[in-house]
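Here's the structure we're looking at; comments come further down.
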Amino acid sequence: MNKIITPTDKEVFFPEDELIVSKTDPKGRITYANQTFCHVCGYSEAELLGQPHSIVRHPDMPRAVFKLLWDTLFDRREIFAYVKNMTKNGDYYWVFAHATPSYDKDRNIVGFHSSRRFPKRSVVDNTIAPLYAAILQEEKQHRNGQKALTAGFDFVVNFLKSRNTTYDELIISISL
């Protein structure tokens with residue numbers, strides 16, 4: 001499934017009372033996708049299973065946000081985040097995601113679980129989209145991938161420090 005998808009400017013929506021749910025293994029490969037996920041992203045369950053969750057990653061998403069997400073999960077903590085995803089045909093959709101590690105009986109991480117709901121439009125338009133655009137702009141100033149990621153992550157850290165808050169506090173405060 002290495003087909004390059006060209007992003008469109010068309011946003012797709014899903015009902016506010018539905019949840020997009022997926023599970024992954026520790027490497028981020030999809031092991032479960034509910035019907036809402038399949039319907040919204042345009043992939044069948046068979047097309048999603050075994051694929052990296054990044055199959056729905058939109059190029060407008062800063063790498064630094066995913067670093068923050070994965071660092072938090074591997075630190076054995078849950079995280080809430082706004083994410084712009086891309087469908088099979090290049091359309092996009094926004095979600096407010098809650099992701100948590102999944103454990104075996106010995107408390108080893110065996111995967112991750114994520115439930116996504118429809119986000120507050122005002123939060124996306126007024127806060128998240130402009131913030132992500134600024135982070136992405138910082139990342140794009142660097143040709144080297146690692147330097148881009150570091151610059152984007154530093155941007156996030158400095159943004160949070162300038163507001164005397166943490167990522168978790170920011171996301172919860174704008175989501176209430």
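Ordered as shown in the structure tokens, chains take letters A, B, and onward, while each chain numbers its residues from 1 and ligands are numbered from 1 in the order shown.
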message: With only C-alpha atoms as the counted atoms, please give the residues lying no more than 7 Å from segment 54-64 of chain A, apart from itself and same-chain residues fewer than 5 positions off, as a PyMOL selection string.
response: chain A and resi 84-87+132+135-136+149+152-153
In segment 54-163 of chain A, DSSP strand (DSSP E) residues written as a list in words: Ile79, Phe80, Ala81, Tyr82, Val83, Lys84, Asn85, Met86, Tyr92, Tyr93, Trp94, Val95, Phe96, Ala97, His98, Ala99, Thr100, Pro101, Ser102, Tyr103, Ile109, Val110, Gly111, Phe112, His113, Ser114, Ser115, Arg116 and Arg117 of chain A
Contacts of segment 40-45 of chain A at 8 Å (only C-alpha atoms; same-chain gap of 6+ positions) as a VMD selection string: chain A and resid 12 to 14 32 to 34 56 86 to 89
task: Rank A:Leu49, A:Ala99, A:Ile20, A:Ile30 by their smallest atom-to-atom distance to Leu73 of chain A, using only C-alpha atoms, and report the top residue only.
output: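 For Leu73 of chain A, the nearest of the given residues is A:Ala99.
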field: Atomic separation - atom CA of Asp104 of chain A relative to atom CA of Asp71 of chain A, Å
entry: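 Calculated distance between atom CA of Asp71 of chain A and atom CA of Asp104 of chain A is 19.7 Å.
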- prompt: Between A:Gln137, A:Gln146, A:Gln51, A:Thr72, which has the minimum distance to His98 of chain A (counting only C-alpha atoms)?
  reply: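 When distances to His98 of chain A are compared using only C-alpha atoms, the smallest one comes from A:Thr72.
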statement: Min atom-atom distance to His113 of chain A from the set A:His39, A:Lys3, A:Lys23, A:Arg76, counting only C-alpha atoms, belongs to A:Lys23
- request: Find the residue from A:Leu69, A:Gly50, A:His142, A:Val95 that sits nearest to Arg121 of chain A; use only C-alpha atoms when measuring.
  value: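 Nearest to Arg121 of chain A: A:Val95.
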Give the alpha helix (DSSP H) residues of segment 4-174 of chain A, as DSSP finds them on the backbone, and put them as an mmCIF file with N, CA and C atoms, in the first residue's frame.
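Now in part_21.cif:
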data_model
loop_
_atom_site.group_PDB
_atom_site.id
_atom_site.type_symbol
_atom_site.label_atom_id
_atom_site.label_comp_id
_atom_site.auth_asym_id
_atom_site.auth_seq_id
_atom_site.Cartn_x
_atom_site.Cartn_y
_atom_site.Cartn_z
ATOM 1 N N GLN A 35 -15.922 0.257 12.429
ATOM 2 C CA GLN A 35 -16.577 0.615 11.166
ATOM 3 C C GLN A 35 -16.580 2.122 10.928
ATOM 4 N N THR A 36 -16.684 2.906 11.981
ATOM 5 C CA THR A 36 -16.656 4.361 11.802
ATOM 6 C C THR A 36 -15.303 4.781 11.231
ATOM 7 N N PHE A 37 -14.231 4.221 11.762
ATOM 8 C CA PHE A 37 -12.901 4.517 11.243
ATOM 9 C C PHE A 37 -12.840 4.175 9.757
ATOM 10 N N CYS A 38 -13.260 2.976 9.412
ATOM 11 C CA CYS A 38 -13.222 2.538 8.012
ATOM 12 C C CYS A 38 -14.054 3.464 7.126
ATOM 13 N N HIS A 39 -15.246 3.789 7.590
ATOM 14 C CA HIS A 39 -16.140 4.632 6.802
ATOM 15 C C HIS A 39 -15.539 6.022 6.571
ATOM 16 N N VAL A 40 -15.008 6.636 7.624
ATOM 17 C CA VAL A 40 -14.492 8.002 7.517
ATOM 18 C C VAL A 40 -13.226 8.048 6.669
ATOM 19 N N CYS A 41 -12.302 7.124 6.886
ATOM 20 C CA CYS A 41 -11.029 7.195 6.167
ATOM 21 C C CYS A 41 -11.093 6.577 4.770
ATOM 22 N N GLU A 45 -11.547 -2.561 6.374
ATOM 23 C CA GLU A 45 -10.833 -3.121 7.518
ATOM 24 C C GLU A 45 -9.633 -3.938 7.047
ATOM 25 N N ALA A 46 -9.823 -4.717 5.986
ATOM 26 C CA ALA A 46 -8.740 -5.545 5.458
ATOM 27 C C ALA A 46 -7.566 -4.693 4.969
ATOM 28 N N GLU A 47 -7.858 -3.518 4.409
ATOM 29 C CA GLU A 47 -6.792 -2.637 3.947
ATOM 30 C C GLU A 47 -6.040 -1.998 5.109
ATOM 31 N N LEU A 48 -6.706 -1.799 6.237
ATOM 32 C CA LEU A 48 -6.081 -1.152 7.391
ATOM 33 C C LEU A 48 -5.273 -2.101 8.261
ATOM 34 N N ARG A 63 5.488 16.776 12.556
ATOM 35 C CA ARG A 63 6.125 15.583 13.124
ATOM 36 C C ARG A 63 6.294 15.725 14.629
ATOM 37 N N ALA A 64 6.510 16.954 15.091
ATOM 38 C CA ALA A 64 6.730 17.202 16.519
ATOM 39 C C ALA A 64 5.520 16.795 17.355
ATOM 40 N N VAL A 65 4.328 16.947 16.817
ATOM 41 C CA VAL A 65 3.125 16.551 17.553
ATOM 42 C C VAL A 65 3.112 15.032 17.736
ATOM 43 N N PHE A 66 3.500 14.305 16.701
ATOM 44 C CA PHE A 66 3.550 12.846 16.826
ATOM 45 C C PHE A 66 4.673 12.405 17.769
ATOM 46 N N LYS A 67 5.773 13.129 17.770
ATOM 47 C CA LYS A 67 6.832 12.812 18.741
ATOM 48 C C LYS A 67 6.288 12.962 20.151
ATOM 49 N N LEU A 68 5.597 14.050 20.407
ATOM 50 C CA LEU A 68 5.001 14.275 21.718
ATOM 51 C C LEU A 68 4.026 13.148 22.065
ATOM 52 N N LEU A 69 3.204 12.773 21.106
ATOM 53 C CA LEU A 69 2.228 11.709 21.323
ATOM 54 C C LEU A 69 2.923 10.388 21.669
ATOM 55 N N TRP A 70 3.885 9.975 20.838
ATOM 56 C CA TRP A 70 4.550 8.695 21.067
ATOM 57 C C TRP A 70 5.406 8.717 22.333
ATOM 58 N N ASP A 71 6.087 9.825 22.600
ATOM 59 C CA ASP A 71 6.868 9.932 23.839
ATOM 60 C C ASP A 71 5.964 9.748 25.054
ATOM 61 N N THR A 72 4.797 10.360 25.013
ATOM 62 C CA THR A 72 3.855 10.263 26.128
ATOM 63 C C THR A 72 3.367 8.834 26.300
ATOM 64 N N LEU A 73 2.991 8.197 25.211
ATOM 65 C CA LEU A 73 2.497 6.816 25.291
ATOM 66 C C LEU A 73 3.573 5.856 25.788
ATOM 67 N N PHE A 74 4.795 6.002 25.292
ATOM 68 C CA PHE A 74 5.861 5.107 25.737
ATOM 69 C C PHE A 74 6.325 5.434 27.152
ATOM 70 N N ARG A 121 -15.150 22.679 16.514
ATOM 71 C CA ARG A 121 -14.703 23.409 15.335
ATOM 72 C C ARG A 121 -13.947 24.684 15.704
ATOM 73 N N SER A 122 -14.429 25.405 16.707
ATOM 74 C CA SER A 122 -13.782 26.666 17.088
ATOM 75 C C SER A 122 -12.361 26.429 17.597
ATOM 76 N N VAL A 123 -12.141 25.315 18.291
ATOM 77 C CA VAL A 123 -10.802 24.986 18.797
ATOM 78 C C VAL A 123 -9.858 24.687 17.628
ATOM 79 N N ALA A 129 -5.280 24.576 14.326
ATOM 80 C CA ALA A 129 -4.794 24.711 12.942
ATOM 81 C C ALA A 129 -3.708 25.787 12.832
ATOM 82 N N PRO A 130 -3.895 26.977 13.430
ATOM 83 C CA PRO A 130 -2.803 27.968 13.362
ATOM 84 C C PRO A 130 -1.528 27.513 14.082
ATOM 85 N N LEU A 131 -1.689 26.866 15.235
ATOM 86 C CA LEU A 131 -0.518 26.374 15.970
ATOM 87 C C LEU A 131 0.222 25.323 15.152
ATOM 88 N N TYR A 132 -0.502 24.356 14.606
ATOM 89 C CA TYR A 132 0.141 23.308 13.813
ATOM 90 C C TYR A 132 0.805 23.886 12.571
ATOM 91 N N ALA A 133 0.174 24.883 11.952
ATOM 92 C CA ALA A 133 0.779 25.519 10.777
ATOM 93 C C ALA A 133 2.102 26.185 11.151
ATOM 94 N N ALA A 134 2.152 26.819 12.318
ATOM 95 C CA ALA A 134 3.393 27.463 12.768
ATOM 96 C C ALA A 134 4.476 26.425 13.065
ATOM 97 N N ILE A 135 4.090 25.317 13.695
ATOM 98 C CA ILE A 135 5.065 24.253 13.982
ATOM 99 C C ILE A 135 5.587 23.676 12.672
ATOM 100 N N LEU A 136 4.682 23.402 11.754
ATOM 101 C CA LEU A 136 5.059 22.828 10.463
ATOM 102 C C LEU A 136 5.977 23.782 9.689
ATOM 103 N N GLN A 137 5.690 25.069 9.754
ATOM 104 C CA GLN A 137 6.542 26.059 9.093
ATOM 105 C C GLN A 137 7.960 25.998 9.667
ATOM 106 N N GLU A 138 8.055 25.852 10.980
ATOM 107 C CA GLU A 138 9.371 25.728 11.615
ATOM 108 C C GLU A 138 10.066 24.457 11.140
ATOM 109 N N GLU A 139 9.343 23.365 11.083
ATOM 110 C CA GLU A 139 9.938 22.101 10.629
ATOM 111 C C GLU A 139 10.425 22.200 9.184
ATOM 112 N N LYS A 140 9.676 22.873 8.344
ATOM 113 C CA LYS A 140 10.016 22.958 6.918
ATOM 114 C C LYS A 140 11.240 23.830 6.643
ATOM 115 N N GLY A 145 15.789 15.738 8.281
ATOM 116 C CA GLY A 145 14.601 15.297 9.015
ATOM 117 C C GLY A 145 14.738 15.392 10.523
ATOM 118 N N GLN A 146 15.875 14.991 11.059
ATOM 119 C CA GLN A 146 16.060 15.037 12.511
ATOM 120 C C GLN A 146 16.120 16.477 13.009
ATOM 121 N N LYS A 147 16.781 17.343 12.251
ATOM 122 C CA LYS A 147 16.841 18.753 12.640
ATOM 123 C C LYS A 147 15.449 19.383 12.563
ATOM 124 N N ALA A 148 14.663 18.991 11.577
ATOM 125 C CA ALA A 148 13.303 19.506 11.437
ATOM 126 C C ALA A 148 12.454 19.085 12.631
ATOM 127 N N LEU A 149 12.573 17.821 12.998
ATOM 128 C CA LEU A 149 11.821 17.313 14.142
ATOM 129 C C LEU A 149 12.232 18.026 15.427
ATOM 130 N N THR A 150 13.523 18.178 15.628
ATOM 131 C CA THR A 150 14.022 18.865 16.820
ATOM 132 C C THR A 150 13.539 20.313 16.863
ATOM 133 N N ALA A 151 13.606 20.997 15.738
ATOM 134 C CA ALA A 151 13.163 22.394 15.682
ATOM 135 C C ALA A 151 11.664 22.503 15.965
ATOM 136 N N GLY A 152 10.887 21.601 15.405
ATOM 137 C CA GLY A 152 9.452 21.607 15.653
ATOM 138 C C GLY A 152 9.126 21.322 17.105
ATOM 139 N N PHE A 153 9.833 20.366 17.678
ATOM 140 C CA PHE A 153 9.598 20.022 19.082
ATOM 141 C C PHE A 153 10.014 21.176 19.991
ATOM 142 N N ASP A 154 11.142 21.801 19.685
ATOM 143 C CA ASP A 154 11.573 22.970 20.459
ATOM 144 C C ASP A 154 10.543 24.093 20.356
ATOM 145 N N PHE A 155 9.953 24.250 19.187
ATOM 146 C CA PHE A 155 8.907 25.261 18.999
ATOM 147 C C PHE A 155 7.745 24.982 19.951
ATOM 148 N N VAL A 156 7.323 23.720 20.016
ATOM 149 C CA VAL A 156 6.216 23.343 20.905
ATOM 150 C C VAL A 156 6.583 23.625 22.359
ATOM 151 N N VAL A 157 7.766 23.207 22.778
ATOM 152 C CA VAL A 157 8.213 23.421 24.154
ATOM 153 C C VAL A 157 8.231 24.910 24.485
ATOM 154 N N ASN A 158 8.776 25.715 23.601
ATOM 155 C CA ASN A 158 8.847 27.162 23.849
ATOM 156 C C ASN A 158 7.459 27.803 23.842
ATOM 157 N N PHE A 159 6.592 27.332 22.969
ATOM 158 C CA PHE A 159 5.213 27.834 22.939
ATOM 159 C C PHE A 159 4.531 27.579 24.279
ATOM 160 N N LEU A 160 4.676 26.373 24.787
ATOM 161 C CA LEU A 160 4.059 26.018 26.068
ATOM 162 C C LEU A 160 4.673 26.818 27.219
ATOM 163 N N LYS A 161 5.999 26.950 27.213
ATOM 164 C CA LYS A 161 6.671 27.733 28.264
ATOM 165 C C LYS A 161 6.201 29.180 28.251
ATOM 166 N N SER A 162 6.009 29.736 27.056
ATOM 167 C CA SER A 162 5.600 31.140 26.953
ATOM 168 C C SER A 162 4.198 31.363 27.521
ATOM 169 N N TYR A 167 1.470 20.685 27.792
ATOM 170 C CA TYR A 167 0.645 20.271 26.659
ATOM 171 C C TYR A 167 -0.712 19.772 27.156
ATOM 172 N N ASP A 168 -0.695 18.910 28.165
ATOM 173 C CA ASP A 168 -1.951 18.367 28.692
ATOM 174 C C ASP A 168 -2.881 19.472 29.179
ATOM 175 N N GLU A 169 -2.317 20.435 29.927
ATOM 176 C CA GLU A 169 -3.132 21.538 30.438
ATOM 177 C C GLU A 169 -3.716 22.368 29.295
ATOM 178 N N LEU A 170 -2.913 22.619 28.267
ATOM 179 C CA LEU A 170 -3.393 23.392 27.122
ATOM 180 C C LEU A 170 -4.555 22.677 26.442
ATOM 181 N N ILE A 171 -4.374 21.413 26.136
ATOM 182 C CA ILE A 171 -5.407 20.673 25.409
ATOM 183 C C ILE A 171 -6.696 20.590 26.210
ATOM 184 N N ILE A 172 -6.590 20.311 27.493
ATOM 185 C CA ILE A 172 -7.799 20.242 28.323
ATOM 186 C C ILE A 172 -8.456 21.610 28.421
ATOM 187 N N SER A 173 -7.678 22.662 28.599
ATOM 188 C CA SER A 173 -8.270 24.000 28.770
ATOM 189 C C SER A 173 -9.005 24.464 27.520
ATOM 190 N N ILE A 174 -8.525 24.129 26.353
ATOM 191 C CA ILE A 174 -9.207 24.577 25.129
ATOM 192 C C ILE A 174 -10.338 23.643 24.714
#
field: Distance of atom CA of Arg117 of chain A from atom CA of Glu16 of chain A, expressed in Å to one decimal place
entry: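 Interatomic distance here is 6.8 Å.
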field: Using only C-alpha atoms: which of A:Phe112, A:Tyr93, A:Phe80, A:Tyr103 has the shortest distance to Glu11 of chain A
entry: A:Tyr93
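Ranking A:Ser114, A:Gln141, A:Thr165, A:Thr8 by their shortest atom-to-atom distance to Ser102 of chain A, with only C-alpha atoms included, puts A:Ser114 first.
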